[in-house]
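Enquirer: Below you'll find start-v8.cif; it's mmCIF, C-alpha atoms.
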data_my_file
loop_
_atom_site.label_atom_id
_atom_site.label_comp_id
_atom_site.auth_asym_id
_atom_site.auth_seq_id
_atom_site.Cartn_x
_atom_site.Cartn_y
_atom_site.Cartn_z
CA MET A 1 18.12 -1.49 -5.19
CA ASN A 2 17.09 -1.34 -1.53
CA THR A 3 14.30 0.80 -0.03
CA THR A 4 16.65 3.63 0.93
CA GLU A 5 18.12 3.84 -2.57
CA ARG A 6 14.65 3.77 -4.16
CA GLU A 7 13.35 6.56 -1.88
CA TYR A 8 16.32 8.84 -2.54
CA ARG A 9 16.40 8.13 -6.28
CA ALA A 10 12.67 8.82 -6.66
CA LEU A 11 13.02 12.12 -4.79
CA TRP A 12 16.07 13.17 -6.82
CA ASP A 13 14.77 12.14 -10.24
CA SER A 14 11.36 13.80 -9.86
CA GLY A 15 12.47 17.02 -8.13
CA ALA A 16 9.67 16.27 -5.68
CA THR A 17 9.06 17.49 -2.17
CA HIS A 18 7.69 14.90 0.22
CA VAL A 19 5.63 16.12 3.17
CA TRP A 20 5.12 13.78 6.11
CA GLN A 21 2.60 14.54 8.86
CA GLY A 22 2.02 12.78 12.14
CA THR A 23 0.96 13.07 15.77
CA THR A 24 2.82 12.27 19.00
CA HIS A 25 0.78 10.68 21.79
CA GLY A 26 2.29 9.80 25.14
CA ALA A 27 5.88 8.89 25.98
CA PRO A 28 7.96 7.23 23.25
CA PRO A 29 9.36 3.78 24.11
CA GLY A 30 12.83 3.74 25.65
CA ALA A 31 14.26 2.14 22.50
CA ASP A 32 13.00 5.08 20.44
CA LEU A 33 14.43 7.62 22.88
CA ARG A 34 17.83 6.03 22.35
CA LEU A 35 17.62 7.11 18.69
CA LEU A 36 18.01 10.72 19.80
CA SER A 37 21.36 12.43 20.22
CA ALA A 38 22.58 13.54 23.63
CA ALA A 39 21.77 17.14 22.65
CA GLU A 40 18.20 16.22 21.69
CA ARG A 41 17.65 14.37 24.95
CA THR A 42 18.94 17.39 26.85
CA VAL A 43 16.43 19.65 25.07
CA MET A 44 13.66 17.16 25.86
CA ARG A 45 14.52 17.12 29.59
CA ARG A 46 14.73 20.91 29.85
CA ARG A 47 11.21 21.43 28.52
CA PRO A 48 7.97 20.96 30.46
CA PRO A 49 7.12 17.23 30.50
CA THR A 50 4.35 17.22 27.88
CA GLU A 51 6.22 19.57 25.56
CA GLY A 52 9.43 17.59 26.02
CA LEU A 53 7.76 14.31 25.05
CA ARG A 54 6.18 15.92 21.99
CA TYR A 55 9.57 17.32 21.00
CA ALA A 56 11.10 13.86 21.38
CA GLY A 57 8.33 12.19 19.40
CA ALA A 58 8.68 14.62 16.50
CA HIS A 59 12.48 14.29 16.40
CA ILE A 60 12.28 10.50 16.55
CA ALA A 61 9.91 10.65 13.58
CA VAL A 62 12.34 12.92 11.70
CA ARG A 63 15.15 10.43 12.21
CA ARG A 64 13.02 7.49 11.11
CA VAL A 65 11.76 9.33 8.01
CA LEU A 66 15.17 10.66 6.94
CA ALA A 67 16.64 7.17 7.37
CA ARG A 68 14.35 6.15 4.49
CA TYR A 69 16.41 8.39 2.19
CA LEU A 70 19.92 8.21 3.69
CA GLU A 71 22.39 5.36 3.95
CA ALA A 72 22.37 5.58 7.74
CA PRO A 73 20.37 4.17 10.65
CA PRO A 74 18.11 6.69 12.45
CA ALA A 75 20.47 7.05 15.40
CA GLY A 76 23.43 7.59 13.05
CA ILE A 77 22.09 10.74 11.37
CA ARG A 78 23.91 13.89 12.50
CA PHE A 79 22.41 17.37 12.46
CA GLY A 80 23.85 20.87 12.49
CA THR A 81 22.82 24.36 11.41
CA LYS A 82 23.67 26.65 8.54
CA PRO A 83 24.72 30.16 9.56
CA CYS A 84 21.91 32.71 9.73
CA PRO A 85 21.88 34.64 6.41
CA TRP A 86 21.50 37.89 8.37
CA CYS A 87 24.22 37.67 11.01
CA ALA A 88 26.20 34.52 10.07
CA ASP A 89 25.56 33.08 13.56
CA PRO A 90 25.27 29.27 13.23
CA ASP A 91 23.37 28.97 16.51
CA HIS A 92 20.04 30.01 14.98
CA GLY A 93 20.41 29.06 11.33
CA ARG A 94 18.56 26.41 9.36
CA PRO A 95 18.83 22.81 10.61
CA VAL A 96 20.69 20.60 8.13
CA VAL A 97 21.92 17.03 7.90
CA THR A 98 25.69 17.02 8.43
CA GLY A 99 26.18 13.27 8.26
CA PRO A 100 26.09 11.29 6.15
CA PRO A 101 26.94 13.80 3.36
CA THR A 102 23.81 14.44 1.32
CA ALA A 103 22.00 16.92 -0.92
CA LEU A 104 18.83 16.26 1.08
CA ASP A 105 17.14 19.28 2.65
CA PHE A 106 14.41 19.10 5.29
CA ASN A 107 12.33 21.27 7.57
CA LEU A 108 10.28 20.32 10.63
CA SER A 109 7.39 22.13 12.28
CA HIS A 110 5.18 21.08 15.17
CA ALA A 111 2.09 22.45 16.90
CA GLY A 112 1.07 20.69 20.08
CA PRO A 113 1.16 16.95 19.35
CA HIS A 114 1.09 17.47 15.55
CA TRP A 115 4.17 17.69 13.34
CA ALA A 116 4.91 18.20 9.65
CA LEU A 117 8.20 17.38 7.91
CA ALA A 118 9.17 18.49 4.39
CA VAL A 119 11.96 16.61 2.57
CA THR A 120 13.48 17.42 -0.83
CA THR A 121 16.68 17.44 -2.88
CA SER A 122 15.60 20.52 -4.85
CA GLY A 123 16.86 23.41 -2.72
CA GLN A 124 15.92 24.87 0.62
CA VAL A 125 12.44 24.09 1.90
CA GLY A 126 10.33 25.48 4.74
CA ALA A 127 7.21 24.11 6.42
CA ASP A 128 4.92 25.40 9.13
CA VAL A 129 1.95 23.87 10.93
CA GLU A 130 -0.39 25.71 13.29
CA ASN A 131 -3.39 24.61 15.31
CA GLY A 132 -6.64 26.29 14.20
CA ARG A 133 -7.82 26.28 17.82
CA SER A 134 -4.98 28.52 18.96
CA GLY A 135 -7.06 31.60 19.77
CA SER A 136 -7.92 34.98 18.30
CA PRO A 137 -5.65 36.78 15.79
CA ALA A 138 -6.51 40.17 17.28
CA GLY A 139 -3.36 40.54 19.36
CA ALA A 140 -0.82 39.32 16.81
CA ALA A 141 -2.23 40.43 13.46
CA SER A 142 -0.85 43.97 13.58
CA LEU A 143 2.62 42.61 14.41
CA VAL A 144 2.94 40.21 11.47
CA MET A 145 0.50 41.28 8.72
CA SER A 146 1.05 43.90 6.04
CA PRO A 147 -1.45 46.77 5.54
CA SER A 148 -3.12 44.98 2.62
CA GLU A 149 -3.38 41.74 4.62
CA LEU A 150 -4.87 43.61 7.58
CA ALA A 151 -7.39 45.26 5.23
CA HIS A 152 -8.44 41.82 3.99
CA LEU A 153 -8.82 40.63 7.58
CA ASP A 154 -10.94 43.69 8.46
CA ASP A 155 -13.26 42.98 5.51
CA LEU A 156 -14.17 39.57 6.92
CA LEU A 157 -17.21 39.65 9.18
CA ASP A 158 -17.12 36.05 10.40
CA ASP A 159 -14.73 35.26 13.28
CA GLY A 160 -13.94 31.85 11.82
CA ALA A 161 -13.02 33.35 8.46
CA ARG A 162 -10.82 35.93 10.17
CA GLN A 163 -9.05 33.23 12.14
CA ALA A 164 -8.50 31.15 9.00
CA ALA A 165 -7.13 34.15 7.07
CA PHE A 166 -4.74 35.01 9.88
CA LEU A 167 -3.45 31.42 10.13
CA ARG A 168 -3.00 31.22 6.35
CA CYS A 169 -0.88 34.37 6.61
CA TRP A 170 1.08 33.13 9.59
CA THR A 171 1.89 29.66 8.24
CA ARG A 172 2.82 30.98 4.79
CA LYS A 173 5.16 33.61 6.27
CA GLU A 174 6.68 31.13 8.73
CA ALA A 175 7.30 28.63 5.93
CA VAL A 176 9.16 31.28 3.91
CA VAL A 177 11.40 32.53 6.72
CA LYS A 178 12.14 28.95 7.77
CA ALA A 179 13.18 28.13 4.20
CA ILE A 180 15.47 31.18 4.19
CA GLY A 181 16.82 30.47 7.67
CA THR A 182 16.06 33.74 9.46
CA GLY A 183 13.05 32.53 11.44
CA ILE A 184 10.71 35.06 13.01
CA THR A 185 13.55 37.53 13.54
CA ALA A 186 12.64 38.62 10.00
CA ASP A 187 10.13 41.41 9.41
CA LEU A 188 7.04 39.31 8.74
CA LYS A 189 5.03 42.40 7.75
CA ALA A 190 7.33 42.81 4.73
CA LEU A 191 6.21 39.45 3.29
CA GLU A 192 3.03 39.73 1.22
CA VAL A 193 1.36 36.32 1.25
CA ARG A 194 -2.15 37.32 0.03
CA PRO A 195 -4.45 35.28 2.31
CA GLU A 196 -7.36 35.90 -0.09
CA HIS A 197 -5.46 33.93 -2.77
CA PRO A 198 -5.96 30.14 -2.56
CA GLY A 199 -2.43 29.56 -3.87
CA PRO A 200 0.03 28.34 -4.83
CA LEU A 201 1.58 31.79 -5.15
CA VAL A 202 5.01 33.36 -5.49
CA VAL A 203 6.13 35.39 -2.46
CA HIS A 204 9.01 37.85 -2.72
CA ASP A 205 11.36 38.45 0.19
CA GLY A 206 13.49 41.50 -0.39
CA GLU A 207 14.50 41.95 3.24
CA SER A 208 16.78 38.99 3.95
CA ALA A 209 20.24 38.37 2.59
CA GLY A 210 19.50 35.06 0.86
CA GLY A 211 15.85 35.98 0.32
CA GLY A 212 14.37 36.01 -3.18
CA ASP A 213 11.21 34.49 -4.59
CA TRP A 214 9.47 31.52 -3.00
CA LEU A 215 6.65 29.30 -4.19
CA VAL A 216 4.21 28.98 -1.28
CA GLN A 217 1.18 26.72 -0.97
CA ASP A 218 -1.24 25.52 1.66
CA LEU A 219 -1.40 21.79 2.22
CA PRO A 220 -4.40 19.68 3.17
CA SER A 221 -4.46 18.47 6.76
CA GLY A 222 -6.94 17.17 9.29
CA HIS A 223 -7.28 17.98 13.00
CA ASN A 224 -8.21 21.62 12.26
CA LEU A 225 -4.57 22.33 11.33
CA PHE A 226 -3.13 24.86 8.90
CA VAL A 227 -0.02 23.72 7.01
CA ALA A 228 2.07 25.70 4.51
CA LEU A 229 5.09 24.81 2.38
CA ALA A 230 7.69 27.13 0.82
CA ARG A 231 10.09 26.13 -1.96
CA PRO A 232 12.29 28.09 -4.37
CA ALA A 233 10.09 29.89 -6.91
CA GLY A 234 11.42 27.86 -9.83
CA SER A 235 10.29 24.55 -8.32
CA THR A 236 8.22 22.47 -10.72
CA GLY A 237 8.45 19.06 -9.06
CA PRO A 238 5.41 17.51 -7.42
CA VAL A 239 4.53 17.87 -3.75
CA ILE A 240 3.62 14.45 -2.40
CA LEU A 241 1.96 13.79 0.94
CA ARG A 242 3.41 10.81 2.80
CA ASP A 243 1.88 8.88 5.67
CA PRO A 244 4.33 7.71 8.37
CA HIS A 245 1.97 4.84 9.17
CA ARG A 246 1.77 3.83 5.48
CA PRO A 247 5.19 4.97 4.19
CA ASP A 248 4.64 3.69 0.65
CA ALA A 249 1.33 5.55 0.20
CA THR A 250 0.69 9.00 -1.24
CA ALA A 251 -2.42 11.16 -1.06
CA PRO A 252 -3.89 13.55 -3.68
CA GLN A 253 -4.90 17.11 -2.89
CA PRO A 254 -8.50 18.00 -3.79
CA GLY A 255 -9.07 21.07 -5.92
CA SER A 256 -7.72 22.52 -9.12
CA HIS A 257 -4.12 21.38 -8.58
CA SER A 258 -3.31 17.80 -7.65
CA ILE A 259 -0.77 17.45 -4.89
CA LEU A 260 0.92 14.90 -7.15
CA GLU A 261 1.35 17.30 -10.06
CA PRO A 262 3.94 20.06 -10.51
CA PHE A 263 2.61 23.61 -10.29
CA ARG A 264 3.62 25.89 -13.15
CA SER A 265 2.81 29.58 -12.96
#
Mind converting the file's structure to structure tokens?
Expert:
Amino acid sequence: MNTTEREYRALWDSGATHVWQGTTHGAPPGADLRLLSAAERTVMRRRPPTEGLRYAGAHIAVRRVLARYLEAPPAGIRFGTKPCPWCADPDHGRPVVTGPPTALDFNLSHAGPHWALAVTTSGQVGADVENGRSGSPAGAASLVMSPSELAHLDDLLDDGARQAAFLRCWTRKEAVVKAIGTGITADLKALEVRPEHPGPLVVHDGESAGGGDWLVQDLPSGHNLFVALARPAGSTGPVILRDPHRPDATAPQPGSHSILEPFRS
């Protein structure tokens, strides 16, 4: 059994979700840029130079990681989108692998040079990463937080604690709507993600066609980042952190629940 077969079999048999995190620095080598599709290279060129190179670096990483699970070289993986569950428009639905045929699901998020990629065979998955240095929540909180979440924010006297609570809210909500496929067109205030709760927790989405219950948890990360993962509420497989620089290594999560163990409510 080759590496690709072992990776896919381990993911399938365990019901696990693998989360890969990395950072893009500088311009990727020309050989790596050739892994991207023509559409991806067009997106890269249309963005400001730094943002375009970060986009390219993250998408190159996605191709290299997914190639570990699929019987295809990185450049041979084809992507498309599922129709939006609200309006059935495929132009802003969830990204999916369209070739080779697979039950693999993935979701990518990036913040500045940092990216996070969730991969699973156990249903739709959503991930979000945000930079903890991204400013004050004052302007956005009322637009995305529910009354109870705003009350929790108002009870916090320390600016750092308020910022952390807001980013826990934001990343958890983003992870859910990315798993569903609606993105931030959804009413984020309707999602109660309980920032005072350390998680994992079940979040109910009653607004979206294809909503339902989602198991949401924060993931450990360095660089002052906030990372959240959303999976179907019945998920019991482990969440395993993977290192793109040490692809055969996993990392445990400190605290009451190991990142290597399934969470059961």
Enquirer: Just checking: using all atoms listed in the file, which residue out of A:Ala140, A:Ile180, A:Ala228, A:Ile240 ends up closest to Asp213 (chain A)?
Expert: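 Going through A:Ala140, A:Ile180, A:Ala228, A:Ile240 one by one, the smallest distance to Asp213 (chain A) is for A:Ile180.
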Enquirer: Please list as a PyMOL selection string every residue within 12 Å of Pro232 (chain A), counting all atoms listed in the file and excluding residues in the same chain fewer than 6 positions away.
Expert: chain A and resi 15+17+120-126+175-177+179-180+201-205+210-217
Enquirer: Quick check, in Å to one decimal: how far apart do CA of Thr236 (chain A) and CA of Lys82 (chain A) lie?
Expert: 25.0 Å
Enquirer: Interatomic distance between CA of Gly199 (chain A) and CA of Ser142 (chain A)?
Expert: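 A separation of 22.7 Å between them.
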Enquirer: Kindly compute an axis-aligned box around the listed atoms of region 165-175 of chain A, allowing 8 Å on each side, and express its centre and edge lengths in Å to one decimal as lines of an AutoDock Vina configuration file.
Expert:
center_x = 0.1
center_y = 31.8
center_z = 7.5
size_x = 30.4
size_y = 22.4
size_z = 21.3
Enquirer: Leu36 (chain A): which residues within 10 Å, counting only C-alpha atoms, same-chain residues fewer than 6 positions away excluded, as a PyMOL selection string?
Expert: chain A and resi 42+44+56-57+59-60+63+74-78
Enquirer: List the residues matched by the PyMOL selection byres ((chain A and resi 224) around 9) in the displayed structure as a ChimeraX atom specification, ordered by chain and then by residue number.
Expert: /A:130-133,221-223,225-226
Enquirer: Contacts of region 149-161 of chain A at 8 Å or less, counting all atoms listed in the file, minus same-chain residues fewer than 5 places along, as a list of chain:residue names?
Expert: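 In the requested format, the answer is A:Ala141, A:Ser142, A:Phe166, A:Glu192, A:Val193, A:Arg194, A:Pro195, A:Glu196.
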Enquirer: Any chance you could export the current selection's C-alpha atoms as a PDB file, in the coordinates of the input?
Expert:
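As written to disk, out33.pdb reads:
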ATOM      1  CA  ALA A 141      -2.230  40.430  13.460  1.00  0.00           C
ATOM      2  CA  SER A 142      -0.850  43.970  13.580  1.00  0.00           C
ATOM      3  CA  PHE A 166      -4.740  35.010   9.880  1.00  0.00           C
ATOM      4  CA  GLU A 192       3.030  39.730   1.220  1.00  0.00           C
ATOM      5  CA  VAL A 193       1.360  36.320   1.250  1.00  0.00           C
ATOM      6  CA  ARG A 194      -2.150  37.320   0.030  1.00  0.00           C
ATOM      7  CA  PRO A 195      -4.450  35.280   2.310  1.00  0.00           C
ATOM      8  CA  GLU A 196      -7.360  35.900  -0.090  1.00  0.00           C
TER       9      GLU A 196
END
Enquirer: What are the nearest atom pairs, with distances in Å to one decimal, for all residues of region 9-28 of chain A that come at most 10 Å from region 106-110 of chain A, using all atoms listed in the file, set out by chain and rising residue number as a tab-separated table?
Expert:
residue	atom	partner	partner_atom	distance
A:Thr17	CA	A:Phe106	CA	9.3
A:His18	CA	A:Phe106	CA	9.4
A:Val19	CA	A:Phe106	CA	9.5
A:Trp20	CA	A:Leu108	CA	9.5
A:Gln21	CA	A:His110	CA	9.4
A:Gly22	CA	A:His110	CA	9.4
A:Thr23	CA	A:His110	CA	9.1
A:Thr24	CA	A:His110	CA	9.9
Enquirer: Store the residues picked out above, limited to C-alpha atoms, as an mmCIF file, in the coordinates of the input.
Expert:
data_model
loop_
_atom_site.group_PDB
_atom_site.id
_atom_site.type_symbol
_atom_site.label_atom_id
_atom_site.label_comp_id
_atom_site.auth_asym_id
_atom_site.auth_seq_id
_atom_site.Cartn_x
_atom_site.Cartn_y
_atom_site.Cartn_z
ATOM 1 C CA THR A 17 9.060 17.490 -2.170
ATOM 2 C CA HIS A 18 7.690 14.900 0.220
ATOM 3 C CA VAL A 19 5.630 16.120 3.170
ATOM 4 C CA TRP A 20 5.120 13.780 6.110
ATOM 5 C CA GLN A 21 2.600 14.540 8.860
ATOM 6 C CA GLY A 22 2.020 12.780 12.140
ATOM 7 C CA THR A 23 0.960 13.070 15.770
ATOM 8 C CA THR A 24 2.820 12.270 19.000
#
Enquirer: Out of A:Glu7, A:Ala116, A:Trp12, A:Trp170, which residue has the shortest atom-to-atom distance to Ser146 (chain A) when counting all atoms listed in the file?
Expert: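 Closest to Ser146 (chain A), using all atoms listed in the file: A:Trp170.
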Enquirer: Just how far from CA of Ala16 (chain A) is CA of Leu66 (chain A), in Å to one decimal?
Expert: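 Computing it gives 14.9 Å between the two atoms.
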Enquirer: Calculated over all atoms listed in the file, which of the candidates A:Arg64, A:Arg41, A:His25, A:Arg172 has the smallest distance to Thr4 (chain A)?
Expert: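 Under the stated criterion, the closest residue is A:Arg64.
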Enquirer: Between A:Cys84, A:Ala233, A:Val144, A:Ala164, which is the closest to Thr182 (chain A) once you count only C-alpha atoms?
Expert: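 Closest to Thr182 (chain A), using only C-alpha atoms: A:Cys84.
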Enquirer: Find, counting only C-alpha atoms, the residue in A:Pro247, A:Leu70, A:Phe79, A:Ala38 that gets nearest to Ala103 (chain A).
Expert: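 Using only C-alpha atoms, Ala103 (chain A) sits closest to A:Leu70.
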Enquirer: For a quick check of understanding, using only C-alpha atoms, which of A:Leu143, A:Met1, A:Ala230, A:Ala88 has the smallest distance to Lys178 (chain A)?
Expert: A:Ala230
Enquirer: What would the selection look like, as a PyMOL selection string, if the PyMOL selection byres ((chain A and resi 28) around 8) were run on the coordinates I just shared?
Expert: chain A and resi 26-27+29-30+32-33+53+56-57
Enquirer: Fewer than 2 positions away in the same chain doesn't count, so skip those; otherwise give me all residues within 10 Å of Gly80 (chain A), counting only C-alpha atoms, as a list in words.
Expert: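 These residues fall inside the cut-off: Arg78, Lys82, Pro83, Pro90, Asp91, Gly93, Arg94, Pro95, Val96, Val97, Thr98 and Gly99 of chain A.
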